[in-house]
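Student: You'll find work.txt just under this line, and it carries compact mmCIF, C-alpha atoms (C1' of nucleotides).
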# COMPACT_ATOMS: atom_id res chain seq x y z
CA MET A 989 73.28 107.28 84.60
CA PHE A 990 75.16 104.14 83.64
CA VAL A 991 75.86 104.12 79.92
CA PRO A 992 76.43 100.76 78.18
CA ARG A 993 79.61 100.81 76.14
CA ARG A 994 81.36 98.20 74.05
CA PHE A 995 85.17 98.05 74.20
CA ARG A 996 86.80 96.10 71.42
CA LYS A 997 89.92 94.06 72.09
CA ARG A 998 92.91 96.32 72.89
CA GLN A 999 90.71 99.42 73.14
CA TYR A 1000 91.53 101.65 76.12
CA PHE A 1001 89.17 102.47 78.97
CA LEU A 1002 91.90 104.56 80.63
CA GLN A 1003 95.38 105.65 79.63
CA GLN A 1004 98.43 106.48 81.75
CA GLY A 1005 98.54 110.21 82.40
CA GLU A 1006 94.78 110.75 82.25
CA VAL A 1007 92.82 111.60 85.39
CA CYS A 1008 90.34 108.78 85.96
CA ASN A 1009 86.98 110.52 86.17
CA ARG A 1010 84.67 107.56 85.59
CA GLY A 1011 84.10 104.02 86.74
CA GLY A 1012 82.58 100.99 85.12
CA PHE A 1013 81.07 97.58 85.68
CA ILE A 1014 81.98 94.68 83.40
CA VAL A 1015 78.86 92.92 82.10
CA ARG A 1016 80.69 90.62 79.68
CA GLY A 1017 84.33 90.29 78.66
CA ALA A 1018 87.78 90.59 80.19
CA MET A 1019 90.12 93.54 80.79
CA ARG A 1020 93.47 94.29 82.36
CA GLN A 1021 94.97 97.17 84.33
CA TYR A 1022 98.71 97.74 83.98
CA SER A 1023 101.51 100.25 84.25
CA VAL A 1024 104.54 100.63 82.01
CA ASP A 1025 107.88 101.43 83.64
CA GLU A 1026 110.74 103.53 82.25
CA LYS A 1027 112.22 100.44 80.58
CA GLY A 1028 108.98 99.83 78.70
CA THR A 1029 108.07 96.74 80.74
CA GLU A 1030 104.37 96.19 81.47
CA HIS A 1031 103.36 95.39 85.05
CA ILE A 1032 99.85 94.01 85.35
CA ALA A 1033 98.14 95.34 88.46
CA GLU A 1034 94.76 93.68 87.96
CA LEU A 1035 92.97 91.21 85.72
CA MET A 1036 89.22 91.72 85.54
CA VAL A 1037 86.26 89.75 84.19
CA GLU A 1038 82.45 89.80 84.42
CA ASN A 1039 80.89 91.47 87.48
CA TRP A 1040 84.06 93.40 88.33
CA TRP A 1041 84.25 97.13 88.87
CA ILE A 1042 86.93 98.92 86.91
CA GLY A 1043 88.67 102.26 87.33
CA ASP A 1044 91.72 103.64 89.09
CA LEU A 1045 90.69 104.40 92.67
CA VAL A 1046 94.02 106.09 93.41
CA SER A 1047 93.51 108.60 90.62
CA MET A 1048 89.86 109.13 91.60
CA PHE A 1049 90.73 109.73 95.26
CA THR A 1050 93.73 111.97 94.70
CA GLY A 1051 92.64 113.65 91.46
CA ALA A 1052 96.15 112.97 90.15
CA PRO A 1053 96.87 111.56 86.68
CA SER A 1054 96.67 107.79 86.65
CA SER A 1055 99.79 105.68 86.34
CA PHE A 1056 97.79 102.87 84.74
CA TYR A 1057 96.35 101.76 81.47
CA ILE A 1058 93.08 99.84 81.45
CA ASP A 1059 92.22 98.07 78.20
CA ALA A 1060 90.05 95.23 76.93
CA TRP A 1061 91.56 91.80 76.35
CA GLU A 1062 88.32 90.35 74.98
CA ASP A 1063 85.54 92.40 73.38
CA THR A 1064 83.91 93.74 76.53
CA ASP A 1065 80.56 95.29 77.52
CA VAL A 1066 80.89 97.84 80.30
CA LEU A 1067 78.37 100.02 82.13
CA VAL A 1068 80.07 103.37 82.57
CA ALA A 1069 79.30 106.29 84.89
CA SER A 1070 81.18 109.47 85.76
CA VAL A 1071 82.51 110.02 89.28
CA GLU A 1072 80.03 112.89 89.57
CA ASP A 1073 77.15 110.53 88.85
CA PHE A 1074 78.57 108.04 91.32
CA ALA A 1075 78.49 110.78 93.95
CA ARG A 1076 74.90 111.69 93.05
CA LEU A 1077 73.77 108.07 93.15
CA ARG A 1078 75.03 107.79 96.71
CA SER A 1079 71.95 109.68 97.83
CA ILE A 1080 70.17 106.37 97.19
CA PRO A 1081 70.79 104.36 100.38
CA ALA A 1082 70.96 100.99 98.59
CA PHE A 1083 73.49 102.38 96.13
CA ALA A 1084 75.54 104.01 98.87
CA GLN A 1085 75.60 100.68 100.69
CA MET A 1086 76.73 98.85 97.57
CA ALA A 1087 79.42 101.44 96.84
CA LYS A 1088 80.68 101.10 100.40
CA ALA A 1089 80.84 97.31 100.07
CA MET A 1090 82.68 97.68 96.77
CA ILE A 1091 85.35 99.97 98.21
CA GLU A 1092 85.74 97.85 101.33
CA GLY A 1093 86.03 94.66 99.31
CA HIS A 1094 88.64 96.32 97.16
CA THR A 1095 90.60 97.43 100.22
CA VAL A 1096 90.54 93.92 101.69
CA ALA A 1097 91.71 92.44 98.38
CA ILE A 1098 94.60 94.86 97.94
CA HIS A 1099 95.74 94.22 101.52
CA HIS A 1100 95.98 90.52 100.79
CA ARG A 1101 97.79 91.24 97.55
CA ALA A 1102 100.41 93.36 99.31
CA HIS A 1103 100.86 90.86 102.12
CA ASP A 1104 101.15 87.90 99.73
CA ALA A 1105 103.66 89.72 97.54
CA LEU A 1106 105.86 90.40 100.56
CA THR A 1107 105.62 87.01 102.28
CA LEU A 1108 104.93 84.24 99.73
CA SER A 1109 107.13 82.58 97.10
CA ALA A 1110 106.27 82.71 93.39
CA GLU A 1111 104.97 79.16 93.57
CA GLN A 1112 102.76 79.86 96.58
CA ARG A 1113 101.30 82.94 94.88
CA TYR A 1114 100.60 80.89 91.76
CA GLU A 1115 98.84 78.16 93.73
CA LYS A 1116 96.75 80.76 95.55
CA LEU A 1117 95.69 82.35 92.29
CA LEU A 1118 94.80 78.90 90.95
CA GLN A 1119 92.50 78.42 93.95
CA ALA A 1120 90.93 81.87 93.80
CA HIS A 1121 90.62 82.47 90.04
CA PRO A 1122 91.30 79.32 87.99
CA GLU A 1123 89.43 80.93 85.07
CA PHE A 1124 92.20 83.53 84.64
CA LEU A 1125 94.47 80.86 83.16
CA GLN A 1126 91.87 80.03 80.54
CA ARG A 1127 91.02 83.57 79.56
CA PHE A 1128 94.34 85.38 79.71
CA PRO A 1129 97.71 84.46 78.17
CA GLN A 1130 100.10 82.96 80.64
CA HIS A 1131 102.50 85.89 80.51
CA PHE A 1132 99.70 88.17 81.75
CA VAL A 1133 99.29 85.93 84.76
CA ALA A 1134 103.07 85.92 85.23
CA SER A 1135 103.17 89.72 85.25
CA TYR A 1136 100.20 89.80 87.65
CA LEU A 1137 102.14 87.52 90.01
CA GLY A 1138 105.26 89.66 89.65
CA VAL A 1139 107.41 87.02 87.93
CA THR A 1140 108.63 86.23 84.39
CA PRO A 1141 106.69 84.02 81.94
CA GLU A 1142 109.50 81.45 82.13
CA THR A 1143 109.00 81.10 85.86
CA VAL A 1144 105.27 80.41 85.48
CA SER A 1145 106.03 77.84 82.82
CA ARG A 1146 108.44 76.05 85.17
CA ILE A 1147 106.06 76.17 88.11
CA ARG A 1148 103.38 74.59 85.93
CA ARG A 1149 105.71 71.85 84.80
CA LEU A 1150 106.53 70.93 88.38
CA ALA A 1151 102.92 71.21 89.54
CA THR A 1152 101.41 68.99 86.84
CA ARG A 1153 103.97 66.23 87.29
CA ARG A 1154 102.88 65.79 90.91
CA MET B 1447 84.16 109.37 122.65
CA PHE B 1448 87.92 109.07 122.17
CA VAL B 1449 89.52 107.71 125.32
CA PRO B 1450 93.22 108.46 125.96
CA ARG B 1451 95.18 105.31 126.70
CA ARG B 1452 98.80 104.65 127.44
CA PHE B 1453 100.38 101.54 125.90
CA ARG B 1454 103.66 100.49 127.43
CA LYS B 1455 106.38 98.99 125.26
CA ARG B 1456 105.37 95.53 123.97
CA GLN B 1457 101.79 95.95 125.19
CA TYR B 1458 99.16 94.81 122.67
CA PHE B 1459 96.53 97.03 121.11
CA LEU B 1460 95.24 94.05 119.07
CA GLN B 1461 96.04 90.35 118.98
CA GLN B 1462 95.80 87.83 116.17
CA GLY B 1463 92.44 86.05 116.35
CA GLU B 1464 90.56 88.96 117.93
CA VAL B 1465 87.96 90.87 115.96
CA CYS B 1466 89.16 94.48 115.67
CA ASN B 1467 86.29 96.52 117.05
CA ARG B 1468 88.08 99.78 117.77
CA GLY B 1469 90.44 102.22 116.15
CA GLY B 1470 92.99 104.63 117.51
CA PHE B 1471 95.09 107.70 116.80
CA ILE B 1472 98.70 107.85 117.94
CA VAL B 1473 99.45 111.07 119.84
CA ARG B 1474 102.97 110.12 120.90
CA GLY B 1475 105.05 106.98 120.45
CA ALA B 1476 105.61 104.23 117.92
CA MET B 1477 103.80 100.95 117.18
CA ARG B 1478 103.95 98.09 114.71
CA GLN B 1479 101.40 95.84 113.04
CA TYR B 1480 102.52 92.31 112.15
CA SER B 1481 101.40 88.77 111.48
CA VAL B 1482 103.09 85.53 112.53
CA ASP B 1483 103.16 82.66 110.06
CA GLU B 1484 103.01 78.92 110.76
CA LYS B 1485 106.80 78.80 111.13
CA GLY B 1486 106.69 81.47 113.83
CA THR B 1487 108.21 84.17 111.62
CA GLU B 1488 106.96 87.71 112.13
CA HIS B 1489 105.97 89.73 109.04
CA ILE B 1490 105.65 93.44 109.70
CA ALA B 1491 102.73 94.91 107.76
CA GLU B 1492 102.98 98.47 109.05
CA LEU B 1493 105.16 100.71 111.18
CA MET B 1494 103.31 103.61 112.78
CA VAL B 1495 104.29 106.78 114.63
CA GLU B 1496 102.67 110.03 115.77
CA ASN B 1497 99.57 111.20 113.89
CA TRP B 1498 98.87 107.76 112.42
CA TRP B 1499 95.60 105.92 112.68
CA ILE B 1500 95.84 102.35 113.90
CA GLY B 1501 93.54 99.35 113.64
CA ASP B 1502 92.94 96.45 111.25
CA LEU B 1503 90.64 97.73 108.51
CA VAL B 1504 90.26 94.25 107.03
CA SER B 1505 88.91 92.84 110.28
CA MET B 1506 86.69 95.92 110.79
CA PHE B 1507 85.23 95.67 107.30
CA THR B 1508 84.70 91.92 107.23
CA GLY B 1509 83.99 91.34 110.92
CA ALA B 1510 86.41 88.40 110.72
CA PRO B 1511 89.12 87.74 113.33
CA SER B 1512 92.27 89.74 112.61
CA SER B 1513 95.39 88.04 111.34
CA PHE B 1514 97.54 90.76 112.89
CA TYR B 1515 99.07 91.82 116.15
CA ILE B 1516 99.42 95.51 116.90
CA ASP B 1517 101.72 96.43 119.77
CA ALA B 1518 103.72 99.36 121.08
CA TRP B 1519 107.43 99.64 120.36
CA GLU B 1520 107.86 102.78 122.42
CA ASP B 1521 105.60 103.78 125.30
CA THR B 1522 102.71 105.21 123.30
CA ASP B 1523 99.73 107.49 123.91
CA VAL B 1524 96.70 106.58 121.82
CA LEU B 1525 93.22 108.05 121.50
CA VAL B 1526 90.89 105.06 121.23
CA ALA B 1527 87.29 104.82 120.03
CA SER B 1528 85.03 101.86 119.26
CA VAL B 1529 83.83 101.23 115.72
CA GLU B 1530 80.31 102.00 116.95
CA ASP B 1531 81.45 105.42 118.12
CA PHE B 1532 83.23 105.96 114.83
CA ALA B 1533 79.94 105.26 113.06
CA ARG B 1534 78.07 107.67 115.34
CA LEU B 1535 80.63 110.42 114.87
CA ARG B 1536 80.10 110.24 111.13
CA SER B 1537 76.87 112.17 111.60
CA ILE B 1538 79.19 115.16 112.10
CA PRO B 1539 80.02 116.29 108.54
CA ALA B 1540 83.58 117.38 109.35
CA PHE B 1541 84.29 114.05 111.01
CA ALA B 1542 82.75 112.09 108.14
CA GLN B 1543 84.95 114.04 105.75
CA MET B 1544 88.05 113.31 107.79
CA ALA B 1545 87.18 109.63 108.06
CA LYS B 1546 86.72 109.47 104.31
CA ALA B 1547 90.09 111.12 103.73
CA MET B 1548 91.69 108.68 106.15
CA ILE B 1549 90.28 105.59 104.41
CA GLU B 1550 91.14 106.96 100.97
CA GLY B 1551 94.67 107.83 102.01
CA HIS B 1552 95.05 104.35 103.40
CA THR B 1553 93.79 102.81 100.15
CA VAL B 1554 96.24 104.85 98.10
CA ALA B 1555 99.12 103.85 100.38
CA ILE B 1556 98.35 100.14 100.27
CA HIS B 1557 98.09 100.27 96.49
CA HIS B 1558 101.58 101.69 96.26
CA ARG B 1559 102.82 99.12 98.74
CA ALA B 1560 101.45 96.24 96.65
CA HIS B 1561 102.75 97.68 93.39
CA ASP B 1562 106.21 98.35 94.83
CA ALA B 1563 106.44 94.87 96.33
CA LEU B 1564 105.66 93.31 92.95
CA THR B 1565 107.81 95.53 90.75
CA LEU B 1566 110.80 96.88 92.72
CA SER B 1567 113.99 95.23 93.99
CA ALA B 1568 114.89 95.13 97.67
CA GLU B 1569 117.32 98.00 97.18
CA GLN B 1570 114.75 100.17 95.37
CA ARG B 1571 112.20 99.55 98.11
CA TYR B 1572 114.77 100.50 100.74
CA GLU B 1573 115.66 103.73 98.95
CA LYS B 1574 112.00 104.62 98.60
CA LEU B 1575 111.40 104.07 102.30
CA LEU B 1576 114.45 106.21 103.07
CA GLN B 1577 112.86 109.04 101.04
CA ALA B 1578 109.38 108.65 102.50
CA HIS B 1579 110.11 107.85 106.14
CA PRO B 1580 113.76 108.37 107.09
CA GLU B 1581 112.71 108.55 110.75
CA PHE B 1582 111.75 104.86 110.75
CA LEU B 1583 115.42 103.92 110.72
CA GLN B 1584 116.03 105.98 113.85
CA ARG B 1585 113.05 104.76 115.82
CA PHE B 1586 112.78 101.09 114.90
CA PRO B 1587 115.45 98.39 114.91
CA GLN B 1588 116.80 97.61 111.50
CA HIS B 1589 115.29 94.12 111.41
CA PHE B 1590 111.82 95.66 111.77
CA VAL B 1591 112.49 97.72 108.67
CA ALA B 1592 113.81 94.60 106.92
CA SER B 1593 110.62 92.69 107.68
CA TYR B 1594 108.53 95.67 106.57
CA LEU B 1595 110.40 95.62 103.25
CA GLY B 1596 109.94 91.86 102.95
CA VAL B 1597 113.64 90.95 103.18
CA THR B 1598 116.04 89.57 105.80
CA PRO B 1599 118.02 91.76 108.23
CA GLU B 1600 121.24 90.64 106.50
CA THR B 1601 120.01 92.03 103.19
CA VAL B 1602 119.25 95.45 104.70
CA SER B 1603 122.69 95.48 106.29
CA ARG B 1604 124.30 94.79 102.90
CA ILE B 1605 122.19 97.38 101.09
CA ARG B 1606 123.24 99.96 103.68
CA ARG B 1607 126.90 99.09 103.27
CA LEU B 1608 126.72 99.58 99.51
CA ALA B 1609 124.62 102.75 99.80
CA THR B 1610 126.88 104.53 102.30
CA ARG B 1611 130.06 103.80 100.37
CA ARG B 1612 128.70 105.70 97.38
C1' DC C 1266 130.34 92.37 134.89
C1' DG C 1267 127.65 88.76 132.14
C1' DG C 1268 123.33 88.20 129.44
C1' DT C 1269 120.52 89.53 125.67
C1' DC C 1270 119.55 91.97 121.72
C1' DT C 1271 121.27 94.01 117.51
C1' DC C 1272 124.05 94.59 113.58
C1' DT C 1273 127.70 93.02 110.53
C1' DT C 1274 130.33 89.92 107.64
C1' DG C 1275 131.46 85.73 105.05
C1' DA C 1276 130.53 81.35 102.65
C1' DC C 1277 127.25 78.79 100.45
C1' DG C 1278 122.88 77.52 98.25
C1' DG C 1279 118.51 78.19 96.01
C1' DA C 1280 114.85 80.76 93.79
C1' DG C 1281 114.06 83.44 90.08
C1' DT C 1282 115.92 86.25 85.96
C1' DT C 1283 118.06 86.81 81.59
C1' DC C 1284 119.20 85.47 77.12
C1' DA C 1285 118.70 82.52 73.30
C1' DA C 1286 116.55 79.05 70.58
C1' DA C 1287 113.00 76.15 69.12
C1' DG C 1288 108.24 74.41 68.87
C1' DC C 1289 103.44 75.42 68.90
C1' DT C 1290 99.04 77.79 67.71
C1' DA C 1291 95.87 80.77 65.70
C1' DG C 1292 94.81 84.37 62.76
C1' DT C 1293 95.45 86.44 58.09
C1' DG C 1294 96.06 87.24 53.40
C1' DG C 1295 96.99 85.50 48.88
C1' DC D 399 92.50 76.31 51.43
C1' DC D 400 97.04 76.63 52.32
C1' DA D 401 101.18 79.15 53.69
C1' DC D 402 102.99 82.50 56.40
C1' DT D 403 103.53 85.29 60.15
C1' DA D 404 103.16 86.90 64.81
C1' DG D 405 102.38 85.88 69.32
C1' DC D 406 102.69 82.44 72.94
C1' DT D 407 104.92 78.73 75.50
C1' DT D 408 108.61 75.76 76.61
C1' DT D 409 113.33 74.51 77.55
C1' DG D 410 118.24 75.00 78.63
C1' DA D 411 122.40 77.42 80.43
C1' DA D 412 124.49 81.01 82.78
C1' DC D 413 123.97 84.45 86.02
C1' DT D 414 122.15 87.51 90.01
C1' DC D 415 119.89 88.55 93.92
C1' DC D 416 118.68 87.34 98.10
C1' DG D 417 118.09 83.78 101.90
C1' DT D 418 120.26 80.65 105.16
C1' DC D 419 123.58 79.44 108.39
C1' DA D 420 127.25 80.54 111.34
C1' DA D 421 130.37 83.45 113.74
C1' DG D 422 131.77 87.56 115.86
C1' DA D 423 131.49 92.46 117.47
C1' DG D 424 129.16 96.14 119.78
C1' DA D 425 125.64 98.17 122.72
C1' DC D 426 122.55 98.24 126.44
C1' DC D 427 120.83 96.91 130.94
C1' DG D 428 120.06 94.62 135.10
What would the structure in this file look like if it were written as structure tokens?

Tutor:
Amino acid sequence: MFVPRRFRKRQYFLQQGEVCNRGGFIVRGAMRQYSVDEKGTEHIAELMVENWWIGDLVSMFTGAPSSFYIDAWEDTDVLVASVEDFARLRSIPAFAQMAKAMIEGHTVAIHHRAHDALTLSAEQRYEKLLQAHPEFLQRFPQHFVASYLGVTPETVSRIRRLATRR
Amino acid sequence: MFVPRRFRKRQYFLQQGEVCNRGGFIVRGAMRQYSVDEKGTEHIAELMVENWWIGDLVSMFTGAPSSFYIDAWEDTDVLVASVEDFARLRSIPAFAQMAKAMIEGHTVAIHHRAHDALTLSAEQRYEKLLQAHPEFLQRFPQHFVASYLGVTPETVSRIRRLATRR
DNA sequence: CGGTCTCTTGACGGAGTTCAAAGCTAGTGG
DNA sequence: CCACTAGCTTTGAACTCCGTCAAGAGACCG
């Protein structure tokens, strides 16, 4: 039920306004999930690499059009399945268990993201990301990371300058 | 399996460091969920009133000690059940369906909370809260709302001054 | 009454943004 | 193979938003 698909750099997996009716698993590559506000500014919600699940859970759960784009930053191999097939596969206990773990892990992660955004400084968030996902800074341009942290590229540049001189 | 319990003002439903092994449904009253950082500052993660589910999903999912307190702000009536009983009740299809809707609704809400925290100004977050939950400002002190929004009480006071004079 | 809690207001400071300019790097086409 | 361009990063200066600190005014309650 999972179909291998290749997404070339900048190719969309999902576009804002579409209902997200499929999910995927990244085998190789790197992607990003982002929204665009009324001023045209991109806000990166998630950066994703190998072994990550992709898709907009909010759109899947509510059935509402997604407010996000998901596209490839590197050429990326993804295993894709429809939400209907996901539902069918849940009759397999091992798959149901894995799906449960995936959703729960996602929920835990987003809780931390919300809490960190509300309580930590830009520098603290940067340091935490450096601990958790140092590879992001190699694979994505710095202004993606800045947007992911909710700050400007200039701010990340200045944080790095201070951090390396210590 | 749900046991009615009365929580008096300031009484704890959950304390930081405990594993959260039960959930509850607020029948009447108002509660808050918050963490305390190393400096002793409280950070309110959630404000909850009638018809809200309470509990720390992160601790339930991971089995790790909770980083939150949950206590009553008003005298509150809660229907309480253990996580084991929740699991048993899921054999009832209608209950399983409701539980699923509850978790999904929670996931959607926390996504919006994270996105708003990273992309909106203090004033925009305040206005959004005013739209979504105007009753919070009646039932909770203003500095609770401030902490929930991730700002200081002084900032909420100034936002209100500007907003009312328009 | 006299505490304690809450909200407001002002002055000041700091973290982060905005705007502009310049340097750097990698991909692309002639 | 080189030159050129486009995207990325850095840096500086001015500015804005919000936090901190301090003081005072109400409101509530024993």

Student: Got a sec to pull out which chain A residues are within 9 Å of chain B, counting only C-alpha atoms, and send them as a list in words?

Tutor: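 Interface list for chain A against chain B: His1031, Ala1033, Leu1045, Val1046, Ser1047, Phe1049, Thr1050, Ala1089, Glu1092, Gly1093, His1094, Thr1095, Val1096, Ala1097, Ile1098, His1099, His1100, Arg1101, Ala1102, His1103, Asp1104, Ala1105, Leu1106, Thr1107, Ser1135, Tyr1136, Leu1137, Gly1138 and Val1139 of chain A.
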
Student: Just want the 9 Å neighbourhood of Gln1479 (chain B), counted on all atoms listed in the file, with same-chain residues fewer than 4 positions away dropped. Output as a list in words.

Tutor: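 Those residues are Leu1460, His1489, Ile1490, Ala1491, Glu1492, Leu1493, Met1494, Ile1500, Gly1501, Asp1502, Phe1514, Tyr1515, Ile1516 and Asp1517 of chain B.
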
Student: Please return, as a ChimeraX atom specification, all residues of chain A lying within 9 Å of chain C when only C-alpha atoms (C1' of nucleotides) are considered.

Tutor: /A:1109-1110,1139-1140,1142-1143

Student: Any chance you could lay chain A over chain B, fitting all C-alpha atoms in order by least squares, and write the moved chain as a short mmCIF file (atom, residue, chain, number, x, y, z; two decimals) with C-alpha atoms, keeping the file's coordinate frame?

Tutor:
data_model
loop_
_atom_site.label_atom_id
_atom_site.label_comp_id
_atom_site.auth_asym_id
_atom_site.auth_seq_id
_atom_site.Cartn_x
_atom_site.Cartn_y
_atom_site.Cartn_z
CA MET A 989 84.17 109.38 122.64
CA PHE A 990 87.92 109.10 122.17
CA VAL A 991 89.53 107.73 125.30
CA PRO A 992 93.23 108.50 125.95
CA ARG A 993 95.16 105.35 126.70
CA ARG A 994 98.81 104.68 127.41
CA PHE A 995 100.39 101.55 125.90
CA ARG A 996 103.67 100.53 127.43
CA LYS A 997 106.39 99.01 125.27
CA ARG A 998 105.37 95.55 123.98
CA GLN A 999 101.79 95.96 125.21
CA TYR A 1000 99.16 94.82 122.69
CA PHE A 1001 96.52 97.03 121.11
CA LEU A 1002 95.24 94.06 119.09
CA GLN A 1003 96.05 90.36 119.01
CA GLN A 1004 95.79 87.82 116.19
CA GLY A 1005 92.45 86.06 116.37
CA GLU A 1006 90.56 88.96 117.95
CA VAL A 1007 87.95 90.88 115.97
CA CYS A 1008 89.15 94.47 115.71
CA ASN A 1009 86.28 96.52 117.09
CA ARG A 1010 88.08 99.79 117.78
CA GLY A 1011 90.45 102.24 116.17
CA GLY A 1012 92.99 104.65 117.52
CA PHE A 1013 95.08 107.70 116.80
CA ILE A 1014 98.71 107.85 117.92
CA VAL A 1015 99.43 111.07 119.82
CA ARG A 1016 102.96 110.12 120.87
CA GLY A 1017 105.04 106.98 120.45
CA ALA A 1018 105.61 104.23 117.90
CA MET A 1019 103.82 100.94 117.17
CA ARG A 1020 103.94 98.07 114.73
CA GLN A 1021 101.40 95.82 113.03
CA TYR A 1022 102.51 92.30 112.16
CA SER A 1023 101.40 88.76 111.47
CA VAL A 1024 103.07 85.53 112.52
CA ASP A 1025 103.13 82.66 110.04
CA GLU A 1026 102.97 78.92 110.75
CA LYS A 1027 106.77 78.80 111.07
CA GLY A 1028 106.68 81.45 113.79
CA THR A 1029 108.21 84.15 111.59
CA GLU A 1030 106.95 87.71 112.11
CA HIS A 1031 105.96 89.72 109.03
CA ILE A 1032 105.64 93.43 109.69
CA ALA A 1033 102.73 94.90 107.76
CA GLU A 1034 102.98 98.46 109.04
CA LEU A 1035 105.16 100.70 111.17
CA MET A 1036 103.31 103.60 112.77
CA VAL A 1037 104.29 106.78 114.61
CA GLU A 1038 102.67 110.03 115.76
CA ASN A 1039 99.55 111.20 113.89
CA TRP A 1040 98.86 107.76 112.42
CA TRP A 1041 95.58 105.90 112.67
CA ILE A 1042 95.82 102.34 113.90
CA GLY A 1043 93.53 99.34 113.63
CA ASP A 1044 92.94 96.46 111.26
CA LEU A 1045 90.61 97.72 108.53
CA VAL A 1046 90.23 94.24 107.05
CA SER A 1047 88.90 92.86 110.31
CA MET A 1048 86.66 95.91 110.83
CA PHE A 1049 85.19 95.66 107.32
CA THR A 1050 84.68 91.91 107.26
CA GLY A 1051 83.98 91.33 110.96
CA ALA A 1052 86.41 88.40 110.76
CA PRO A 1053 89.12 87.73 113.36
CA SER A 1054 92.25 89.72 112.64
CA SER A 1055 95.38 88.03 111.36
CA PHE A 1056 97.54 90.75 112.91
CA TYR A 1057 99.07 91.82 116.15
CA ILE A 1058 99.41 95.52 116.90
CA ASP A 1059 101.73 96.41 119.78
CA ALA A 1060 103.73 99.36 121.08
CA TRP A 1061 107.44 99.62 120.33
CA GLU A 1062 107.88 102.78 122.40
CA ASP A 1063 105.61 103.80 125.28
CA THR A 1064 102.71 105.21 123.28
CA ASP A 1065 99.72 107.51 123.90
CA VAL A 1066 96.70 106.58 121.81
CA LEU A 1067 93.21 108.06 121.51
CA VAL A 1068 90.89 105.08 121.24
CA ALA A 1069 87.29 104.81 120.04
CA SER A 1070 85.02 101.86 119.27
CA VAL A 1071 83.83 101.22 115.72
CA GLU A 1072 80.32 101.99 116.96
CA ASP A 1073 81.44 105.43 118.12
CA PHE A 1074 83.23 105.95 114.82
CA ALA A 1075 79.94 105.25 113.06
CA ARG A 1076 78.07 107.67 115.34
CA LEU A 1077 80.66 110.40 114.86
CA ARG A 1078 80.12 110.22 111.11
CA SER A 1079 76.91 112.16 111.59
CA ILE A 1080 79.24 115.14 112.08
CA PRO A 1081 80.05 116.26 108.52
CA ALA A 1082 83.61 117.37 109.36
CA PHE A 1083 84.31 114.03 111.01
CA ALA A 1084 82.76 112.08 108.14
CA GLN A 1085 84.96 114.03 105.74
CA MET A 1086 88.06 113.30 107.78
CA ALA A 1087 87.19 109.61 108.06
CA LYS A 1088 86.71 109.46 104.30
CA ALA A 1089 90.10 111.09 103.72
CA MET A 1090 91.69 108.65 106.16
CA ILE A 1091 90.29 105.58 104.40
CA GLU A 1092 91.13 106.94 100.97
CA GLY A 1093 94.66 107.81 102.01
CA HIS A 1094 95.05 104.33 103.40
CA THR A 1095 93.80 102.78 100.17
CA VAL A 1096 96.22 104.85 98.09
CA ALA A 1097 99.12 103.87 100.37
CA ILE A 1098 98.36 100.15 100.27
CA HIS A 1099 98.08 100.26 96.47
CA HIS A 1100 101.57 101.69 96.25
CA ARG A 1101 102.83 99.12 98.72
CA ALA A 1102 101.44 96.24 96.65
CA HIS A 1103 102.74 97.67 93.39
CA ASP A 1104 106.21 98.35 94.82
CA ALA A 1105 106.44 94.87 96.32
CA LEU A 1106 105.65 93.32 92.95
CA THR A 1107 107.82 95.53 90.73
CA LEU A 1108 110.80 96.92 92.69
CA SER A 1109 114.01 95.29 93.94
CA ALA A 1110 114.88 95.17 97.65
CA GLU A 1111 117.31 98.03 97.17
CA GLN A 1112 114.78 100.21 95.37
CA ARG A 1113 112.20 99.59 98.10
CA TYR A 1114 114.77 100.52 100.74
CA GLU A 1115 115.68 103.75 98.97
CA LYS A 1116 112.01 104.65 98.62
CA LEU A 1117 111.40 104.09 102.31
CA LEU A 1118 114.45 106.23 103.09
CA GLN A 1119 112.88 109.05 101.06
CA ALA A 1120 109.39 108.68 102.51
CA HIS A 1121 110.10 107.85 106.17
CA PRO A 1122 113.77 108.37 107.11
CA GLU A 1123 112.70 108.55 110.77
CA PHE A 1124 111.75 104.85 110.75
CA LEU A 1125 115.43 103.90 110.72
CA GLN A 1126 116.04 105.95 113.84
CA ARG A 1127 113.05 104.75 115.80
CA PHE A 1128 112.78 101.09 114.89
CA PRO A 1129 115.44 98.35 114.90
CA GLN A 1130 116.77 97.57 111.48
CA HIS A 1131 115.28 94.09 111.39
CA PHE A 1132 111.81 95.62 111.75
CA VAL A 1133 112.47 97.70 108.67
CA ALA A 1134 113.80 94.59 106.91
CA SER A 1135 110.62 92.67 107.68
CA TYR A 1136 108.52 95.66 106.56
CA LEU A 1137 110.38 95.62 103.23
CA GLY A 1138 109.93 91.86 102.93
CA VAL A 1139 113.62 90.95 103.16
CA THR A 1140 116.03 89.55 105.78
CA PRO A 1141 118.01 91.74 108.21
CA GLU A 1142 121.23 90.65 106.48
CA THR A 1143 120.00 92.03 103.19
CA VAL A 1144 119.25 95.45 104.70
CA SER A 1145 122.67 95.49 106.29
CA ARG A 1146 124.31 94.81 102.91
CA ILE A 1147 122.22 97.40 101.11
CA ARG A 1148 123.27 99.97 103.69
CA ARG A 1149 126.92 99.08 103.30
CA LEU A 1150 126.75 99.59 99.55
CA ALA A 1151 124.67 102.77 99.83
CA THR A 1152 126.92 104.55 102.34
CA ARG A 1153 130.10 103.81 100.42
CA ARG A 1154 128.76 105.72 97.42
#

Student: Around all the atoms of region 399-414 of chain D listed in the file, with 5 Å of room on each side, what axis-aligned box do you get, giving centre and edge lengths in Å to one decimal, as lines of an AutoDock Vina configuration file?

Tutor:
center_x = 108.5
center_y = 81.0
center_z = 70.7
size_x = 42.0
size_y = 23.0
size_z = 48.6
